[in-house]
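Undergrad: Contents of entry_11.cif (mmCIF, N, CA and C atoms and all ligand atoms):
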data_target
loop_
_atom_site.group_PDB
_atom_site.id
_atom_site.type_symbol
_atom_site.label_atom_id
_atom_site.label_comp_id
_atom_site.auth_asym_id
_atom_site.auth_seq_id
_atom_site.Cartn_x
_atom_site.Cartn_y
_atom_site.Cartn_z
ATOM 1 N N MET A 1179 280.232 350.896 -24.500
ATOM 2 C CA MET A 1179 280.209 350.621 -25.947
ATOM 3 C C MET A 1179 281.625 350.495 -26.492
ATOM 4 N N GLU A 1180 281.839 349.474 -27.235
ATOM 5 C CA GLU A 1180 283.163 349.283 -27.809
ATOM 6 C C GLU A 1180 283.285 350.058 -29.118
ATOM 7 N N ILE A 1181 284.318 350.871 -29.194
ATOM 8 C CA ILE A 1181 284.570 351.624 -30.428
ATOM 9 C C ILE A 1181 285.474 350.785 -31.330
ATOM 10 N N ILE A 1182 285.068 350.640 -32.570
ATOM 11 C CA ILE A 1182 285.869 349.875 -33.507
ATOM 12 C C ILE A 1182 286.336 350.767 -34.651
ATOM 13 N N LEU A 1183 287.502 350.419 -35.202
ATOM 14 C CA LEU A 1183 288.051 351.161 -36.328
ATOM 15 C C LEU A 1183 287.757 350.369 -37.594
ATOM 16 N N LYS A 1184 287.075 351.014 -38.518
ATOM 17 C CA LYS A 1184 286.664 350.290 -39.726
ATOM 18 C C LYS A 1184 286.997 351.071 -40.979
ATOM 19 N N ASN A 1185 287.464 350.377 -41.975
ATOM 20 C CA ASN A 1185 287.627 350.978 -43.292
ATOM 21 C C ASN A 1185 286.314 350.749 -44.050
ATOM 22 N N ILE A 1186 285.554 351.814 -44.182
ATOM 23 C CA ILE A 1186 284.232 351.735 -44.814
ATOM 24 C C ILE A 1186 284.342 351.215 -46.253
ATOM 25 N N THR A 1187 285.395 351.650 -46.954
ATOM 26 C CA THR A 1187 285.573 351.204 -48.336
ATOM 27 C C THR A 1187 285.662 349.684 -48.397
ATOM 28 N N GLU A 1188 286.416 349.116 -47.465
ATOM 29 C CA GLU A 1188 286.574 347.658 -47.422
ATOM 30 C C GLU A 1188 285.236 346.966 -47.172
ATOM 31 N N GLU A 1189 284.458 347.511 -46.250
ATOM 32 C CA GLU A 1189 283.141 346.943 -45.950
ATOM 33 C C GLU A 1189 282.252 346.933 -47.200
ATOM 34 N N ILE A 1190 282.290 348.039 -47.927
ATOM 35 C CA ILE A 1190 281.427 348.156 -49.114
ATOM 36 C C ILE A 1190 281.896 347.204 -50.215
ATOM 37 N N VAL A 1191 283.215 347.121 -50.417
ATOM 38 C CA VAL A 1191 283.743 346.223 -51.457
ATOM 39 C C VAL A 1191 283.366 344.775 -51.137
ATOM 40 N N LEU A 1192 283.553 344.361 -49.888
ATOM 41 C CA LEU A 1192 283.253 342.975 -49.515
ATOM 42 C C LEU A 1192 281.753 342.690 -49.600
ATOM 43 N N LYS A 1193 280.955 343.722 -49.360
ATOM 44 C CA LYS A 1193 279.512 343.568 -49.413
ATOM 45 C C LYS A 1193 279.025 343.427 -50.858
ATOM 46 N N LYS A 1194 279.657 344.174 -51.748
ATOM 47 C CA LYS A 1194 279.187 344.222 -53.129
ATOM 48 C C LYS A 1194 279.816 343.179 -54.039
ATOM 49 N N ILE A 1195 280.963 342.631 -53.644
ATOM 50 C CA ILE A 1195 281.725 341.811 -54.579
ATOM 51 C C ILE A 1195 280.955 340.568 -55.032
ATOM 52 N N ASP A 1196 280.281 339.897 -54.109
ATOM 53 C CA ASP A 1196 279.577 338.665 -54.488
ATOM 54 C C ASP A 1196 278.439 338.945 -55.464
ATOM 55 N N VAL A 1197 277.699 340.015 -55.194
ATOM 56 C CA VAL A 1197 276.586 340.395 -56.074
ATOM 57 C C VAL A 1197 277.109 340.734 -57.464
ATOM 58 N N LEU A 1198 278.177 341.528 -57.512
ATOM 59 C CA LEU A 1198 278.723 341.965 -58.800
ATOM 60 C C LEU A 1198 279.301 340.790 -59.583
ATOM 61 N N LEU A 1199 280.005 339.892 -58.881
ATOM 62 C CA LEU A 1199 280.652 338.782 -59.585
ATOM 63 C C LEU A 1199 279.639 337.813 -60.177
ATOM 64 N N ASN A 1200 278.430 337.785 -59.605
ATOM 65 C CA ASN A 1200 277.371 336.947 -60.169
ATOM 66 C C ASN A 1200 277.085 337.313 -61.620
ATOM 67 N N ASN A 1201 277.295 338.575 -61.952
ATOM 68 C CA ASN A 1201 276.983 339.069 -63.291
ATOM 69 C C ASN A 1201 278.213 339.127 -64.198
ATOM 70 N N ILE A 1202 279.350 338.662 -63.679
ATOM 71 C CA ILE A 1202 280.577 338.720 -64.471
ATOM 72 C C ILE A 1202 281.066 337.288 -64.714
ATOM 73 N N ASP A 1203 281.472 337.019 -65.935
ATOM 74 C CA ASP A 1203 281.958 335.692 -66.282
ATOM 75 C C ASP A 1203 283.427 335.556 -65.862
ATOM 76 N N CYS A 1204 283.633 335.139 -64.610
ATOM 77 C CA CYS A 1204 284.996 334.954 -64.128
ATOM 78 C C CYS A 1204 284.977 333.908 -63.009
ATOM 79 N N CYS A 1205 286.179 333.446 -62.617
ATOM 80 C CA CYS A 1205 286.293 332.468 -61.536
ATOM 81 C C CYS A 1205 285.844 333.112 -60.221
ATOM 82 N N LYS A 1206 285.064 332.348 -59.438
ATOM 83 C CA LYS A 1206 284.536 332.906 -58.193
ATOM 84 C C LYS A 1206 285.098 332.215 -56.957
ATOM 85 N N CYS A 1207 286.250 331.575 -57.095
ATOM 86 C CA CYS A 1207 286.843 330.904 -55.937
ATOM 87 C C CYS A 1207 287.344 331.955 -54.933
ATOM 88 N N GLU A 1208 287.624 331.502 -53.723
ATOM 89 C CA GLU A 1208 288.050 332.396 -52.652
ATOM 90 C C GLU A 1208 289.289 333.205 -53.064
ATOM 91 N N GLN A 1209 290.259 332.528 -53.677
ATOM 92 C CA GLN A 1209 291.497 333.191 -54.089
ATOM 93 C C GLN A 1209 291.207 334.346 -55.058
ATOM 94 N N CYS A 1210 290.399 334.056 -56.066
ATOM 95 C CA CYS A 1210 290.106 335.084 -57.069
ATOM 96 C C CYS A 1210 289.281 336.218 -56.473
ATOM 97 N N ARG A 1211 288.312 335.881 -55.623
ATOM 98 C CA ARG A 1211 287.485 336.925 -55.018
ATOM 99 C C ARG A 1211 288.329 337.863 -54.167
ATOM 100 N N MET A 1212 289.266 337.272 -53.409
ATOM 101 C CA MET A 1212 290.109 338.113 -52.566
ATOM 102 C C MET A 1212 291.125 338.903 -53.401
ATOM 103 N N ASP A 1213 291.579 338.322 -54.513
ATOM 104 C CA ASP A 1213 292.465 339.058 -55.426
ATOM 105 C C ASP A 1213 291.744 340.256 -56.019
ATOM 106 N N ILE A 1214 290.493 340.045 -56.401
ATOM 107 C CA ILE A 1214 289.693 341.120 -56.980
ATOM 108 C C ILE A 1214 289.435 342.203 -55.927
ATOM 109 N N ALA A 1215 289.135 341.770 -54.714
ATOM 110 C CA ALA A 1215 288.905 342.728 -53.630
ATOM 111 C C ALA A 1215 290.170 343.545 -53.365
ATOM 112 N N SER A 1216 291.337 342.891 -53.371
ATOM 113 C CA SER A 1216 292.593 343.602 -53.154
ATOM 114 C C SER A 1216 292.836 344.616 -54.256
ATOM 115 N N TYR A 1217 292.599 344.186 -55.479
ATOM 116 C CA TYR A 1217 292.789 345.074 -56.623
ATOM 117 C C TYR A 1217 291.933 346.323 -56.453
ATOM 118 N N ALA A 1218 290.659 346.105 -56.147
ATOM 119 C CA ALA A 1218 289.735 347.231 -56.004
ATOM 120 C C ALA A 1218 290.153 348.140 -54.852
ATOM 121 N N LEU A 1219 290.518 347.530 -53.718
ATOM 122 C CA LEU A 1219 290.838 348.323 -52.530
ATOM 123 C C LEU A 1219 292.128 349.120 -52.703
ATOM 124 N N ASN A 1220 293.067 348.603 -53.494
ATOM 125 C CA ASN A 1220 294.307 349.340 -53.739
ATOM 126 C C ASN A 1220 294.072 350.560 -54.616
ATOM 127 N N ARG A 1221 292.942 350.593 -55.301
ATOM 128 C CA ARG A 1221 292.662 351.697 -56.210
ATOM 129 C C ARG A 1221 291.585 352.637 -55.701
ATOM 130 N N LEU A 1222 290.982 352.280 -54.594
ATOM 131 C CA LEU A 1222 289.944 353.139 -54.023
ATOM 132 C C LEU A 1222 290.502 353.852 -52.793
ATOM 133 N N PRO A 1223 290.007 355.049 -52.504
ATOM 134 C CA PRO A 1223 290.461 355.736 -51.294
ATOM 135 C C PRO A 1223 289.968 355.011 -50.046
ATOM 136 N N ALA A 1224 290.859 354.832 -49.075
ATOM 137 C CA ALA A 1224 290.443 354.242 -47.803
ATOM 138 C C ALA A 1224 289.611 355.270 -47.044
ATOM 139 N N LYS A 1225 288.602 354.796 -46.340
ATOM 140 C CA LYS A 1225 287.746 355.710 -45.587
ATOM 141 C C LYS A 1225 287.537 355.104 -44.202
ATOM 142 N N TYR A 1226 288.371 355.546 -43.256
ATOM 143 C CA TYR A 1226 288.299 354.984 -41.911
ATOM 144 C C TYR A 1226 287.343 355.769 -41.028
ATOM 145 N N VAL A 1227 286.575 355.037 -40.243
ATOM 146 C CA VAL A 1227 285.728 355.674 -39.249
ATOM 147 C C VAL A 1227 285.919 354.949 -37.918
ATOM 148 N N ALA A 1228 285.844 355.725 -36.838
ATOM 149 C CA ALA A 1228 285.811 355.147 -35.501
ATOM 150 C C ALA A 1228 284.347 355.129 -35.100
ATOM 151 N N THR A 1229 283.812 353.947 -34.900
ATOM 152 C CA THR A 1229 282.369 353.848 -34.704
ATOM 153 C C THR A 1229 282.043 352.661 -33.797
ATOM 154 N N THR A 1230 280.799 352.532 -33.456
ATOM 155 C CA THR A 1230 280.367 351.336 -32.741
ATOM 156 C C THR A 1230 279.680 350.428 -33.760
ATOM 157 N N GLN A 1231 279.619 349.154 -33.457
ATOM 158 C CA GLN A 1231 278.990 348.205 -34.371
ATOM 159 C C GLN A 1231 277.570 348.651 -34.709
ATOM 160 N N GLY A 1232 276.895 349.248 -33.733
ATOM 161 C CA GLY A 1232 275.504 349.657 -33.912
ATOM 162 C C GLY A 1232 275.318 350.753 -34.946
ATOM 163 N N THR A 1233 276.237 351.731 -34.981
ATOM 164 C CA THR A 1233 276.077 352.844 -35.912
ATOM 165 C C THR A 1233 276.816 352.593 -37.222
ATOM 166 N N LEU A 1234 277.580 351.494 -37.293
ATOM 167 C CA LEU A 1234 278.343 351.200 -38.509
ATOM 168 C C LEU A 1234 277.432 351.081 -39.726
ATOM 169 N N LEU A 1235 276.320 350.370 -39.555
ATOM 170 C CA LEU A 1235 275.437 350.105 -40.692
ATOM 171 C C LEU A 1235 274.871 351.383 -41.319
ATOM 172 N N SER A 1236 274.451 352.321 -40.479
ATOM 173 C CA SER A 1236 273.876 353.544 -41.029
ATOM 174 C C SER A 1236 274.954 354.376 -41.720
ATOM 175 N N ARG A 1237 276.169 354.375 -41.156
ATOM 176 C CA ARG A 1237 277.252 355.121 -41.807
ATOM 177 C C ARG A 1237 277.624 354.447 -43.124
ATOM 178 N N LEU A 1238 277.560 353.117 -43.128
ATOM 179 C CA LEU A 1238 277.857 352.346 -44.328
ATOM 180 C C LEU A 1238 276.917 352.743 -45.460
ATOM 181 N N GLU A 1239 275.642 352.885 -45.126
ATOM 182 C CA GLU A 1239 274.637 353.221 -46.140
ATOM 183 C C GLU A 1239 274.914 354.574 -46.788
ATOM 184 N N ILE A 1240 275.318 355.542 -45.962
ATOM 185 C CA ILE A 1240 275.602 356.882 -46.489
ATOM 186 C C ILE A 1240 276.757 356.812 -47.490
ATOM 187 N N PHE A 1241 277.840 356.128 -47.094
ATOM 188 C CA PHE A 1241 279.003 356.067 -47.971
ATOM 189 C C PHE A 1241 278.767 355.163 -49.172
ATOM 190 N N GLU A 1242 277.917 354.174 -48.983
ATOM 191 C CA GLU A 1242 277.658 353.246 -50.078
ATOM 192 C C GLU A 1242 277.057 353.972 -51.278
ATOM 193 N N SER A 1243 276.087 354.852 -51.026
ATOM 194 C CA SER A 1243 275.479 355.577 -52.140
ATOM 195 C C SER A 1243 276.491 356.519 -52.783
ATOM 196 N N GLN A 1244 277.402 357.043 -51.956
ATOM 197 C CA GLN A 1244 278.426 357.953 -52.461
ATOM 198 C C GLN A 1244 279.474 357.243 -53.322
ATOM 199 N N TYR A 1245 279.857 356.046 -52.896
ATOM 200 C CA TYR A 1245 280.965 355.340 -53.535
ATOM 201 C C TYR A 1245 280.514 354.258 -54.501
ATOM 202 N N ASN A 1246 279.209 354.108 -54.642
ATOM 203 C CA ASN A 1246 278.667 353.004 -55.432
ATOM 204 C C ASN A 1246 279.303 352.871 -56.815
ATOM 205 N N VAL A 1247 279.363 353.972 -57.546
ATOM 206 C CA VAL A 1247 279.872 353.945 -58.913
ATOM 207 C C VAL A 1247 281.357 353.572 -58.931
ATOM 208 N N ALA A 1248 282.143 354.202 -58.061
ATOM 209 C CA ALA A 1248 283.583 353.947 -58.029
ATOM 210 C C ALA A 1248 283.878 352.508 -57.611
ATOM 211 N N VAL A 1249 283.138 352.000 -56.616
ATOM 212 C CA VAL A 1249 283.356 350.633 -56.138
ATOM 213 C C VAL A 1249 282.986 349.624 -57.219
ATOM 214 N N THR A 1250 281.859 349.848 -57.871
ATOM 215 C CA THR A 1250 281.425 348.950 -58.941
ATOM 216 C C THR A 1250 282.459 348.917 -60.063
ATOM 217 N N ALA A 1251 282.957 350.081 -60.444
ATOM 218 C CA ALA A 1251 283.949 350.159 -61.523
ATOM 219 C C ALA A 1251 285.235 349.439 -61.131
ATOM 220 N N ALA A 1252 285.697 349.639 -59.899
ATOM 221 C CA ALA A 1252 286.961 349.037 -59.459
ATOM 222 C C ALA A 1252 286.854 347.511 -59.377
ATOM 223 N N ILE A 1253 285.727 347.008 -58.899
ATOM 224 C CA ILE A 1253 285.547 345.559 -58.791
ATOM 225 C C ILE A 1253 285.447 344.938 -60.188
ATOM 226 N N THR A 1254 284.694 345.599 -61.079
ATOM 227 C CA THR A 1254 284.548 345.094 -62.446
ATOM 228 C C THR A 1254 285.908 345.035 -63.135
ATOM 229 N N GLN A 1255 286.683 346.082 -62.973
ATOM 230 C CA GLN A 1255 288.016 346.144 -63.567
ATOM 231 C C GLN A 1255 288.913 345.063 -62.965
ATOM 232 N N GLY A 1256 288.834 344.904 -61.652
ATOM 233 C CA GLY A 1256 289.624 343.878 -60.975
ATOM 234 C C GLY A 1256 289.279 342.479 -61.466
ATOM 235 N N ALA A 1257 287.994 342.239 -61.704
ATOM 236 C CA ALA A 1257 287.553 340.925 -62.188
ATOM 237 C C ALA A 1257 288.162 340.624 -63.543
ATOM 238 N N MET A 1258 288.259 341.632 -64.393
ATOM 239 C CA MET A 1258 288.841 341.453 -65.727
ATOM 240 C C MET A 1258 290.339 341.138 -65.630
ATOM 241 N N VAL A 1259 291.020 341.851 -64.746
ATOM 242 C CA VAL A 1259 292.466 341.650 -64.584
ATOM 243 C C VAL A 1259 292.754 340.260 -64.028
ATOM 244 N N VAL A 1260 292.004 339.866 -62.994
ATOM 245 C CA VAL A 1260 292.227 338.560 -62.370
ATOM 246 C C VAL A 1260 291.852 337.428 -63.327
ATOM 247 N N LYS A 1261 290.847 337.674 -64.144
ATOM 248 C CA LYS A 1261 290.432 336.675 -65.119
ATOM 249 C C LYS A 1261 291.558 336.418 -66.134
ATOM 250 N N GLU A 1262 292.217 337.480 -66.549
ATOM 251 C CA GLU A 1262 293.332 337.357 -67.491
ATOM 252 C C GLU A 1262 294.559 336.742 -66.837
ATOM 253 N N HIS A 1263 294.762 337.056 -65.574
ATOM 254 C CA HIS A 1263 295.943 336.575 -64.855
ATOM 255 C C HIS A 1263 295.543 335.955 -63.513
ATOM 256 N N PRO A 1264 294.879 334.808 -63.555
ATOM 257 C CA PRO A 1264 294.459 334.191 -62.276
ATOM 258 C C PRO A 1264 295.674 333.722 -61.477
ATOM 259 N N HIS A 1265 295.516 333.759 -60.163
ATOM 260 C CA HIS A 1265 296.605 333.394 -59.274
ATOM 261 C C HIS A 1265 296.895 331.909 -59.274
ATOM 262 N N HIS A 1266 295.825 331.107 -59.426
ATOM 263 C CA HIS A 1266 296.073 329.667 -59.325
ATOM 264 C C HIS A 1266 296.976 329.179 -60.431
ATOM 265 N N GLY A 1267 297.875 328.280 -60.064
ATOM 266 C CA GLY A 1267 298.804 327.753 -61.040
ATOM 267 C C GLY A 1267 300.036 328.628 -61.173
ATOM 268 N N ASN A 1268 299.923 329.878 -60.769
ATOM 269 C CA ASN A 1268 301.077 330.772 -60.820
ATOM 270 C C ASN A 1268 301.932 330.602 -59.571
ATOM 271 N N LEU A 1269 303.189 331.007 -59.672
ATOM 272 C CA LEU A 1269 304.001 331.096 -58.468
ATOM 273 C C LEU A 1269 303.507 332.280 -57.685
ATOM 274 N N SER A 1270 303.340 332.125 -56.376
ATOM 275 C CA SER A 1270 302.767 333.240 -55.646
ATOM 276 C C SER A 1270 303.688 333.805 -54.612
HETATM 277 ZN ZN ZN B 1 289.825 331.293 -58.996
#
Could you quickly redo this structure as structure tokens?
Ligand SMILES: [Zn+2]

TA:
Amino acid sequence: MEIILKNITEEIVLKKIDVLLNNIDCCKCEQCRMDIASYALNRLPAKYVATTQGTLLSRLEIFESQYNVAVTAAITQGAMVVKEHPHHGNLS
């Protein structure tokens, strides 16, 4: 079995971002989505686990219920910030 190192927080943010952005009036291009994800991840605690692909999903579910509120808040906040200051057109 191959052991992989995963940041659970990152998995949850990437999993939830598309669903959450559907309900937010903001640009949904790849650049903005990744900017929002970065914003959220820089403000959330990283949670690394050494796991196998098979057990990742069940561990994800446990942490997802725990971090749901914080992740939702961070992504929503990130969407507002990126909406005000989108990357496109800016010098990067
Ligand atoms: Zn965009």

Undergrad: List, as a PyMOL selection string, every residue that the PyMOL selection byres (((not hetatm)) within 6.5 of (chain B and resi 1)) selects in the file provided.

TA: chain A and resi 1205-1211+1264-1266

Undergrad: Keeping only N, CA and C atoms, write the selected residues to a file as a short mmCIF file (atom, residue, chain, number, x, y, z; two decimals), keeping the file's coordinate frame.

TA:
data_model
loop_
_atom_site.label_atom_id
_atom_site.label_comp_id
_atom_site.auth_asym_id
_atom_site.auth_seq_id
_atom_site.Cartn_x
_atom_site.Cartn_y
_atom_site.Cartn_z
N CYS A 1205 286.18 333.45 -62.62
CA CYS A 1205 286.29 332.47 -61.54
C CYS A 1205 285.84 333.11 -60.22
N LYS A 1206 285.06 332.35 -59.44
CA LYS A 1206 284.54 332.91 -58.19
C LYS A 1206 285.10 332.22 -56.96
N CYS A 1207 286.25 331.58 -57.10
CA CYS A 1207 286.84 330.90 -55.94
C CYS A 1207 287.34 331.96 -54.93
N GLU A 1208 287.62 331.50 -53.72
CA GLU A 1208 288.05 332.40 -52.65
C GLU A 1208 289.29 333.20 -53.06
N GLN A 1209 290.26 332.53 -53.68
CA GLN A 1209 291.50 333.19 -54.09
C GLN A 1209 291.21 334.35 -55.06
N CYS A 1210 290.40 334.06 -56.07
CA CYS A 1210 290.11 335.08 -57.07
C CYS A 1210 289.28 336.22 -56.47
N ARG A 1211 288.31 335.88 -55.62
CA ARG A 1211 287.48 336.92 -55.02
C ARG A 1211 288.33 337.86 -54.17
N PRO A 1264 294.88 334.81 -63.56
CA PRO A 1264 294.46 334.19 -62.28
C PRO A 1264 295.67 333.72 -61.48
N HIS A 1265 295.52 333.76 -60.16
CA HIS A 1265 296.60 333.39 -59.27
C HIS A 1265 296.90 331.91 -59.27
N HIS A 1266 295.82 331.11 -59.43
CA HIS A 1266 296.07 329.67 -59.32
C HIS A 1266 296.98 329.18 -60.43
#

Undergrad: Quick one: pick out all strand (DSSP E or B) residues within chain A from a backbone DSSP run and write them as a VMD selection string.

TA: chain A and resid 1182 to 1185 1226 to 1229

Undergrad: Nearest to Ile1214 (chain A): which of A:Ala1248, A:Arg1237, A:Ile1253, A:Glu1262 is it, counting only C-alpha atoms?

TA: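 Selected residue with least distance to Ile1214 (chain A): A:Ile1253.
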
Undergrad: In Å, how far is it from CA of Ala1252 (chain A) to CA of Asp1196 (chain A)?

TA: 13.7 Å

Undergrad: Using only C-alpha atoms, which of A:Asn1201, A:Thr1254, A:Thr1229, A:Ser1236 sits nearest Asn1185 (chain A)?

TA: A:Thr1229

Undergrad: If you run DSSP on the backbone here, which positions in chain A get alpha helix (DSSP H)? Please write them as a VMD selection string.

TA: chain A and resid 1186 to 1200 1208 to 1221 1231 to 1262

Undergrad: Around all listed atoms of region 1180-1192 of chain A, padded 4 Å per side, what centre and edge lengths does the axis-aligned box have in Å to one decimal, as AutoDock Vina command-line options?

TA:
--center_x 284.7 --center_y 347.3 --center_z -39.3 --size_x 14.6 --size_y 17.1 --size_z 32.2

Undergrad: Identify all residues satisfying the PyMOL selection byres (((chain A and resi 1180) around 6.5) and not hetatm) in the given file; provide them as a list in words.

TA: Met1179, Ile1181, Ile1182, Thr1229, Thr1230 and Gln1231 of chain A

Undergrad: What separation in Å, quoted to one decimal, exists between atom N of Asp1203 (chain A) and CA of Leu1235 (chain A)?

TA: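 Straight-line distance from atom N of Asp1203 (chain A) to CA of Leu1235 (chain A) works out to 29.1 Å.
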
Undergrad: Provide the CA of Lys1184 (chain A) to CA of Gly1232 (chain A) distance in Å, to one decimal place.

TA: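 Those two atoms sit 12.6 Å apart.
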
Undergrad: My list of candidates is A:Ala1215, A:Cys1204, A:Ile1186, A:Val1191. Which is closest to Met1258 (chain A) when distances are computed with only C-alpha atoms?

TA: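 Using only C-alpha atoms, the shortest distance to Met1258 (chain A) belongs to A:Cys1204.
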
Undergrad: Taking the file as shown, what set of residues would the PyMOL selection byres (((chain A and resi 1224) around 8) and not hetatm) give back, as a ChimeraX atom specification?

TA: /A:1184-1188,1219-1223,1225-1227

Undergrad: For the selection you just gave me, I'd like the residues written to a file as a PDB file, in the coordinates of the input, keeping N, CA and C atoms.

TA:
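Saved to again.pdb:
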ATOM      1  N   LYS A1184     287.075 351.014 -38.518  1.00  0.00           N
ATOM      2  CA  LYS A1184     286.664 350.290 -39.726  1.00  0.00           C
ATOM      3  C   LYS A1184     286.997 351.071 -40.979  1.00  0.00           C
ATOM      4  N   ASN A1185     287.464 350.377 -41.975  1.00  0.00           N
ATOM      5  CA  ASN A1185     287.627 350.978 -43.292  1.00  0.00           C
ATOM      6  C   ASN A1185     286.314 350.749 -44.050  1.00  0.00           C
ATOM      7  N   ILE A1186     285.554 351.814 -44.182  1.00  0.00           N
ATOM      8  CA  ILE A1186     284.232 351.735 -44.814  1.00  0.00           C
ATOM      9  C   ILE A1186     284.342 351.215 -46.253  1.00  0.00           C
ATOM     10  N   THR A1187     285.395 351.650 -46.954  1.00  0.00           N
ATOM     11  CA  THR A1187     285.573 351.204 -48.336  1.00  0.00           C
ATOM     12  C   THR A1187     285.662 349.684 -48.397  1.00  0.00           C
ATOM     13  N   GLU A1188     286.416 349.116 -47.465  1.00  0.00           N
ATOM     14  CA  GLU A1188     286.574 347.658 -47.422  1.00  0.00           C
ATOM     15  C   GLU A1188     285.236 346.966 -47.172  1.00  0.00           C
ATOM     16  N   LEU A1219     290.518 347.530 -53.718  1.00  0.00           N
ATOM     17  CA  LEU A1219     290.838 348.323 -52.530  1.00  0.00           C
ATOM     18  C   LEU A1219     292.128 349.120 -52.703  1.00  0.00           C
ATOM     19  N   ASN A1220     293.067 348.603 -53.494  1.00  0.00           N
ATOM     20  CA  ASN A1220     294.307 349.340 -53.739  1.00  0.00           C
ATOM     21  C   ASN A1220     294.072 350.560 -54.616  1.00  0.00           C
ATOM     22  N   ARG A1221     292.942 350.593 -55.301  1.00  0.00           N
ATOM     23  CA  ARG A1221     292.662 351.697 -56.210  1.00  0.00           C
ATOM     24  C   ARG A1221     291.585 352.637 -55.701  1.00  0.00           C
ATOM     25  N   LEU A1222     290.982 352.280 -54.594  1.00  0.00           N
ATOM     26  CA  LEU A1222     289.944 353.139 -54.023  1.00  0.00           C
ATOM     27  C   LEU A1222     290.502 353.852 -52.793  1.00  0.00           C
ATOM     28  N   PRO A1223     290.007 355.049 -52.504  1.00  0.00           N
ATOM     29  CA  PRO A1223     290.461 355.736 -51.294  1.00  0.00           C
ATOM     30  C   PRO A1223     289.968 355.011 -50.046  1.00  0.00           C
ATOM     31  N   LYS A1225     288.602 354.796 -46.340  1.00  0.00           N
ATOM     32  CA  LYS A1225     287.746 355.710 -45.587  1.00  0.00           C
ATOM     33  C   LYS A1225     287.537 355.104 -44.202  1.00  0.00           C
ATOM     34  N   TYR A1226     288.371 355.546 -43.256  1.00  0.00           N
ATOM     35  CA  TYR A1226     288.299 354.984 -41.911  1.00  0.00           C
ATOM     36  C   TYR A1226     287.343 355.769 -41.028  1.00  0.00           C
ATOM     37  N   VAL A1227     286.575 355.037 -40.243  1.00  0.00           N
ATOM     38  CA  VAL A1227     285.728 355.674 -39.249  1.00  0.00           C
ATOM     39  C   VAL A1227     285.919 354.949 -37.918  1.00  0.00           C
TER      40      VAL A1227
END

Undergrad: Which residue, A:Leu1234, A:Leu1192, A:Val1249, A:Ile1240, has the smallest gap to Met1212 (chain A) when you use only C-alpha atoms?

TA: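 Result for the nearest residue to Met1212 (chain A): A:Leu1192.
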